[in-house]
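What follows is a single structure, written as structure tokens, with notes after it.
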Amino acid sequence: MSDAIKSVDGAASLLDGKAAAALIDSRAQAGVEALSGPLGRAPCLAVVLVGEDPASHVYVRNKVKRTEASGMRSIEIKKPADLSEDALVAIVEDLNADPGVDGILVQMPLPDHIDSRRVIETIDPDKDVDGLTAASAGRLVQGAPGLRPCTPSGCVWLAREALGDLSGLHVVVIGRSILVGKPAGLLFLEQNCTVTLAHSRTKDLPGLCASADILVAAVGRPEMVKGEWIKPGATVLDVGINRIDAPERGEGKTRLVGDVNFEQAAQKAAFITPVPGGVGPMTIGFLLVNTVRAAAARAGLDYPAAVADL
Ligand SMILES: Nc1nc2c(c(=O)[nH]1)N[C@@H](CN(C=O)c1ccc(C(=O)N[C@@H](CCC(=O)O)C(=O)O)cc1)CN2
Ligand SMILES: [Mg+2]
């Protein structure tokens with residue numbers, strides 16, 4: 001059994017995203033080692049963070065730590081919440097123009113006064129390691145080479161680890177964001193799955209989910225998906241990260257839950273991701289992989305073997 005799968009008696013096997021992400025990080029590190037010689041330098045990721053959102057600061061700190069641990073160069077740019085949109089666009093343009101920068105990531109969400117689409121569209125698609133630009137999305141739709149969004153890449157990797165060939169399986173994705181829902185649908189389609197994209201207006205969502213061989217929950221509603229929505233033997237990938245009150249832990253305490261009621265779903269599913277420690281940690285793993293891929297492609301080199309087949 002893979003390191004990423006932990007068997008639990010009488011319930012679903014756990015897809016352990018922390019163990020899986022350690023494996024993905026080690027692939028990125030091997031890619032860095034293979035590429036740094038031909039490149040004449042280490043690949044480089046620049047991360048831009050605007051504002052004081054505490055969760056975003058934690059994610060960016062983890063990105064910087066794991067980028068450096070993989071042997072890459074990390075550039076971290078932090079700006080106050082009142083930074084103007086034009087100033088942020090200028091920062092991205094400078095990073096585009098810097099030949100020593102391979103990947104650019106602007107941490108989301110941005111403050112309300114900034115048009116996220118304008119900022120994202122400023123990123124050079126060849127440095128778009130988040131896979132969020134219209135060019136990256138178009139390449140994904142067309143099945144052309146390009147950088148794919150990180151969280152959905154982690155979902156597909158975990159599903160393949162659990163199930164092997166995914167051909168013909170019915171995947172239901174709940175959520176239609178550009179960060180997760182839509183690209184997840186397209187990435188599973190690339191795996192020859194039959195894909196249904198569901199959302200808040202979908203009729204009979206429980207009935208639809210009950211037909212899913214693979215259920216991807218990416219709605220941002222705590223524990224919305226109930227046990228009776230799960231097809232027996234399904235694979236459940238929970239992308240939600242919701243902080244809820246946890247008075248049982250003491251006054252003012254909170255805990256993280258996903259979009260799936262884990263206790264219930266684990267009684268029906270064959271494989272399930274926990275929250276925390278499931279899909280979340282995969283995001284940064286694939287960010288590192290994408291940075292290695294971007295560095296190779298920008299230099300006209302093939303992807304190093306370690307990151308070619310993920
Ligand atoms: N530019 C981007 N912005 C955002 C992205 C993204 O992929 N690109 N995704 C999220 C935030 N994010 C990375 O940026 C991210 C979220 C969660 C995790 C993670 O490992 N979560 C842990 C729990 C963390 C906690 O305790 O709060 C888990 O699920 O186990 C990693 C990265 C939005 N913004
Ligand atoms: Mg959505």
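Naming scheme: A, B, ... for chains in displayed order of the structure tokens; residues 1 onward per chain; ligands 1 onward as shown.
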
Give the residues close to ligand 1, within 8 Å, counting only C-alpha atoms and all ligand atoms; write them as an mmCIF file with C-alpha atoms, in the first residue's frame.
data_model
loop_
_atom_site.group_PDB
_atom_site.id
_atom_site.type_symbol
_atom_site.label_atom_id
_atom_site.label_comp_id
_atom_site.auth_asym_id
_atom_site.auth_seq_id
_atom_site.Cartn_x
_atom_site.Cartn_y
_atom_site.Cartn_z
ATOM 1 C CA GLY A 17 -2.208 14.350 2.084
ATOM 2 C CA LYS A 18 0.717 15.138 4.369
ATOM 3 C CA ALA A 55 -4.382 32.375 7.047
ATOM 4 C CA SER A 56 -2.722 33.804 3.914
ATOM 5 C CA VAL A 58 0.543 31.051 7.199
ATOM 6 C CA TYR A 59 0.183 29.661 3.658
ATOM 7 C CA VAL A 60 2.841 32.019 2.273
ATOM 8 C CA ASN A 62 4.777 27.474 4.278
ATOM 9 C CA LYS A 63 5.315 28.132 0.572
ATOM 10 C CA LEU A 105 2.177 33.551 -7.453
ATOM 11 C CA VAL A 106 -0.130 36.245 -6.093
ATOM 12 C CA GLN A 107 -1.741 34.975 -2.910
ATOM 13 C CA MET A 108 -5.560 35.016 -2.941
ATOM 14 C CA PRO A 109 -7.808 36.525 -1.716
ATOM 15 C CA ASP A 130 -0.970 28.774 -10.092
ATOM 16 C CA PRO A 149 -3.805 24.597 -11.124
ATOM 17 C CA CYS A 150 -2.259 23.080 -8.006
ATOM 18 C CA THR A 151 -5.160 21.984 -5.773
ATOM 19 C CA LEU A 179 -9.122 27.926 -8.532
ATOM 20 C CA VAL A 239 -11.199 20.470 -0.679
ATOM 21 C CA GLY A 240 -13.070 22.568 1.900
ATOM 22 C CA ILE A 241 -11.179 24.286 4.716
ATOM 23 C CA LEU A 256 -11.071 23.039 10.964
ATOM 24 C CA PRO A 274 -9.364 14.188 6.044
ATOM 25 C CA VAL A 275 -9.404 17.923 6.844
ATOM 26 C CA PRO A 276 -6.855 19.014 7.856
ATOM 27 C CA GLY A 277 -4.149 16.838 6.324
ATOM 28 C CA GLY A 278 -5.830 15.826 3.060
ATOM 29 C CA VAL A 279 -5.977 17.814 -0.167
ATOM 30 C CA GLY A 280 -4.650 21.061 1.431
ATOM 31 C CA PRO A 281 -0.977 20.069 1.761
ATOM 32 C CA MET A 282 -0.940 18.812 -1.871
ATOM 33 C CA THR A 283 -1.450 22.389 -3.125
ATOM 34 C CA ILE A 284 2.031 23.551 -2.164
ATOM 35 C CA LEU A 287 3.228 24.573 -6.691
#

Worksheet item: Leaving out stretch 35-47 of chain A and any residue of its chain fewer than 5 positions from it, which residues lie within 7 Å of it when counting only C-alpha atoms, given as an NGL selection string?
Response: :A and (72-77 or 100-106 or 291-292 or 295 or 304)

Export of the given selection (N, CA and C atoms) as an mmCIF file, in the first residue's frame:
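result.cif, written as the output of this step:
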data_model
loop_
_atom_site.group_PDB
_atom_site.id
_atom_site.type_symbol
_atom_site.label_atom_id
_atom_site.label_comp_id
_atom_site.auth_asym_id
_atom_site.auth_seq_id
_atom_site.Cartn_x
_atom_site.Cartn_y
_atom_site.Cartn_z
ATOM 1 N N MET A 72 15.146 25.417 -4.184
ATOM 2 C CA MET A 72 14.872 26.538 -5.088
ATOM 3 C C MET A 72 15.139 27.866 -4.393
ATOM 4 N N ARG A 73 15.247 28.916 -5.219
ATOM 5 C CA ARG A 73 15.334 30.271 -4.684
ATOM 6 C C ARG A 73 13.921 30.804 -4.479
ATOM 7 N N SER A 74 13.733 31.485 -3.356
ATOM 8 C CA SER A 74 12.411 32.022 -3.040
ATOM 9 C C SER A 74 12.492 33.542 -2.930
ATOM 10 N N ILE A 75 11.550 34.225 -3.554
ATOM 11 C CA ILE A 75 11.420 35.672 -3.386
ATOM 12 C C ILE A 75 10.054 35.916 -2.750
ATOM 13 N N GLU A 76 10.057 36.655 -1.641
ATOM 14 C CA GLU A 76 8.811 36.908 -0.925
ATOM 15 C C GLU A 76 8.572 38.412 -0.918
ATOM 16 N N ILE A 77 7.442 38.849 -1.441
ATOM 17 C CA ILE A 77 7.116 40.277 -1.466
ATOM 18 C C ILE A 77 5.833 40.479 -0.677
ATOM 19 N N GLY A 100 15.484 35.879 -14.068
ATOM 20 C CA GLY A 100 15.840 34.948 -12.998
ATOM 21 C C GLY A 100 14.641 34.425 -12.230
ATOM 22 N N VAL A 101 13.454 34.887 -12.569
ATOM 23 C CA VAL A 101 12.220 34.425 -11.891
ATOM 24 C C VAL A 101 11.476 33.467 -12.811
ATOM 25 N N ASP A 102 11.192 32.257 -12.316
ATOM 26 C CA ASP A 102 10.499 31.241 -13.134
ATOM 27 C C ASP A 102 9.016 31.164 -12.841
ATOM 28 N N GLY A 103 8.637 31.392 -11.578
ATOM 29 C CA GLY A 103 7.240 31.259 -11.192
ATOM 30 C C GLY A 103 6.787 32.475 -10.409
ATOM 31 N N ILE A 104 5.555 32.926 -10.686
ATOM 32 C CA ILE A 104 4.979 34.061 -9.955
ATOM 33 C C ILE A 104 3.632 33.626 -9.386
ATOM 34 N N LEU A 105 3.447 33.878 -8.100
ATOM 35 C CA LEU A 105 2.177 33.551 -7.453
ATOM 36 C C LEU A 105 1.706 34.757 -6.666
ATOM 37 N N VAL A 106 0.487 35.190 -6.899
ATOM 38 C CA VAL A 106 -0.130 36.245 -6.093
ATOM 39 C C VAL A 106 -1.135 35.571 -5.175
ATOM 40 N N THR A 291 6.751 25.028 -10.496
ATOM 41 C CA THR A 291 7.876 25.963 -10.627
ATOM 42 C C THR A 291 9.042 25.281 -11.350
ATOM 43 N N VAL A 292 9.304 24.009 -11.017
ATOM 44 C CA VAL A 292 10.354 23.266 -11.726
ATOM 45 C C VAL A 292 9.982 23.132 -13.209
ATOM 46 N N ALA A 295 10.433 26.460 -14.988
ATOM 47 C CA ALA A 295 11.849 26.769 -15.211
ATOM 48 C C ALA A 295 12.386 25.989 -16.406
ATOM 49 N N PRO A 304 12.255 17.669 -16.104
ATOM 50 C CA PRO A 304 13.018 16.591 -15.482
ATOM 51 C C PRO A 304 12.101 15.391 -15.196
#

Item to complete: List all protein, DNA and RNA residues that have any atom at most 7 Å from ligand 2, counting only C-alpha atoms and all ligand atoms, and write the list as a ChimeraX atom specification.
Response: /A:175-177,181,199,218-219

Worksheet item: Smallest atom-to-atom distance to A:Leu140: which of A:Gln267, A:Ser153, A:Ser2, A:Thr122, using only C-alpha atoms?
Response: A:Ser153

Discussion item. When DSSP is applied to the backbone of this structure, which of stretch 96-277 of chain A are assigned alpha helix (DSSP H)? Write them out as a ChimeraX atom specification.
Written reply: /A:96-97,116-122,134-142,150-163,181-190,205-209,262-266

Based on the selection just made, write C-alpha atoms of those residues as a PDB file, in the first residue's frame.
ATOM      1  CA  ASN A  96       7.620  39.078 -15.516  1.00  0.00           C
ATOM      2  CA  ALA A  97      10.602  41.035 -16.840  1.00  0.00           C
ATOM      3  CA  SER A 116      -8.035  40.108  -8.942  1.00  0.00           C
ATOM      4  CA  ARG A 117      -8.650  39.291 -12.616  1.00  0.00           C
ATOM      5  CA  ARG A 118      -6.568  42.257 -13.803  1.00  0.00           C
ATOM      6  CA  VAL A 119      -3.698  41.230 -11.522  1.00  0.00           C
ATOM      7  CA  ILE A 120      -3.851  37.559 -12.537  1.00  0.00           C
ATOM      8  CA  GLU A 121      -3.985  38.477 -16.241  1.00  0.00           C
ATOM      9  CA  THR A 122      -0.803  40.514 -15.804  1.00  0.00           C
ATOM     10  CA  ALA A 134      -6.905  32.807 -19.114  1.00  0.00           C
ATOM     11  CA  ALA A 135      -4.002  31.478 -21.210  1.00  0.00           C
ATOM     12  CA  SER A 136      -3.341  28.627 -18.745  1.00  0.00           C
ATOM     13  CA  ALA A 137      -7.068  27.841 -18.566  1.00  0.00           C
ATOM     14  CA  GLY A 138      -7.232  27.821 -22.387  1.00  0.00           C
ATOM     15  CA  ARG A 139      -4.256  25.476 -22.616  1.00  0.00           C
ATOM     16  CA  LEU A 140      -5.980  23.145 -20.145  1.00  0.00           C
ATOM     17  CA  VAL A 141      -9.248  23.211 -22.126  1.00  0.00           C
ATOM     18  CA  GLN A 142      -7.341  22.440 -25.327  1.00  0.00           C
ATOM     19  CA  CYS A 150      -2.259  23.080  -8.006  1.00  0.00           C
ATOM     20  CA  THR A 151      -5.160  21.984  -5.773  1.00  0.00           C
ATOM     21  CA  PRO A 152      -6.988  20.108  -8.571  1.00  0.00           C
ATOM     22  CA  SER A 153      -3.679  18.502  -9.612  1.00  0.00           C
ATOM     23  CA  GLY A 154      -3.396  17.226  -6.041  1.00  0.00           C
ATOM     24  CA  CYS A 155      -6.949  15.826  -6.215  1.00  0.00           C
ATOM     25  CA  VAL A 156      -6.216  13.881  -9.405  1.00  0.00           C
ATOM     26  CA  TRP A 157      -2.913  12.598  -8.026  1.00  0.00           C
ATOM     27  CA  LEU A 158      -4.595  11.303  -4.836  1.00  0.00           C
ATOM     28  CA  ALA A 159      -7.427   9.667  -6.814  1.00  0.00           C
ATOM     29  CA  ARG A 160      -4.931   7.899  -9.088  1.00  0.00           C
ATOM     30  CA  GLU A 161      -2.919   6.777  -6.065  1.00  0.00           C
ATOM     31  CA  ALA A 162      -6.073   5.225  -4.580  1.00  0.00           C
ATOM     32  CA  LEU A 163      -7.695   3.817  -7.725  1.00  0.00           C
ATOM     33  CA  GLY A 181     -13.992  23.399  -9.408  1.00  0.00           C
ATOM     34  CA  LYS A 182     -13.647  24.138 -13.126  1.00  0.00           C
ATOM     35  CA  PRO A 183     -10.024  22.996 -13.523  1.00  0.00           C
ATOM     36  CA  ALA A 184     -10.718  19.867 -11.436  1.00  0.00           C
ATOM     37  CA  GLY A 185     -13.478  18.953 -13.890  1.00  0.00           C
ATOM     38  CA  LEU A 186     -11.126  19.389 -16.866  1.00  0.00           C
ATOM     39  CA  LEU A 187      -8.251  17.501 -15.233  1.00  0.00           C
ATOM     40  CA  PHE A 188     -10.492  14.521 -14.453  1.00  0.00           C
ATOM     41  CA  LEU A 189     -11.789  14.688 -18.033  1.00  0.00           C
ATOM     42  CA  GLU A 190      -8.146  14.394 -19.182  1.00  0.00           C
ATOM     43  CA  LEU A 205     -27.540  17.410  -5.299  1.00  0.00           C
ATOM     44  CA  PRO A 206     -27.715  14.473  -2.820  1.00  0.00           C
ATOM     45  CA  GLY A 207     -29.070  12.176  -5.558  1.00  0.00           C
ATOM     46  CA  LEU A 208     -26.418  13.316  -8.042  1.00  0.00           C
ATOM     47  CA  CYS A 209     -23.585  12.852  -5.521  1.00  0.00           C
ATOM     48  CA  PHE A 262     -16.145  13.143   7.682  1.00  0.00           C
ATOM     49  CA  GLU A 263     -17.499  10.757  10.336  1.00  0.00           C
ATOM     50  CA  GLN A 264     -20.568   9.936   8.236  1.00  0.00           C
ATOM     51  CA  ALA A 265     -18.836   9.786   4.858  1.00  0.00           C
ATOM     52  CA  ALA A 266     -16.033   7.547   6.156  1.00  0.00           C
TER      53      ALA A 266
END

Worksheet item: In stretch 11-200 of chain A, what's strand (DSSP E) per DSSP? Answer as an MDAnalysis selection string?
Response: chainID A and resid 13:15 44:50 73:79 103:106 170:174 194:198
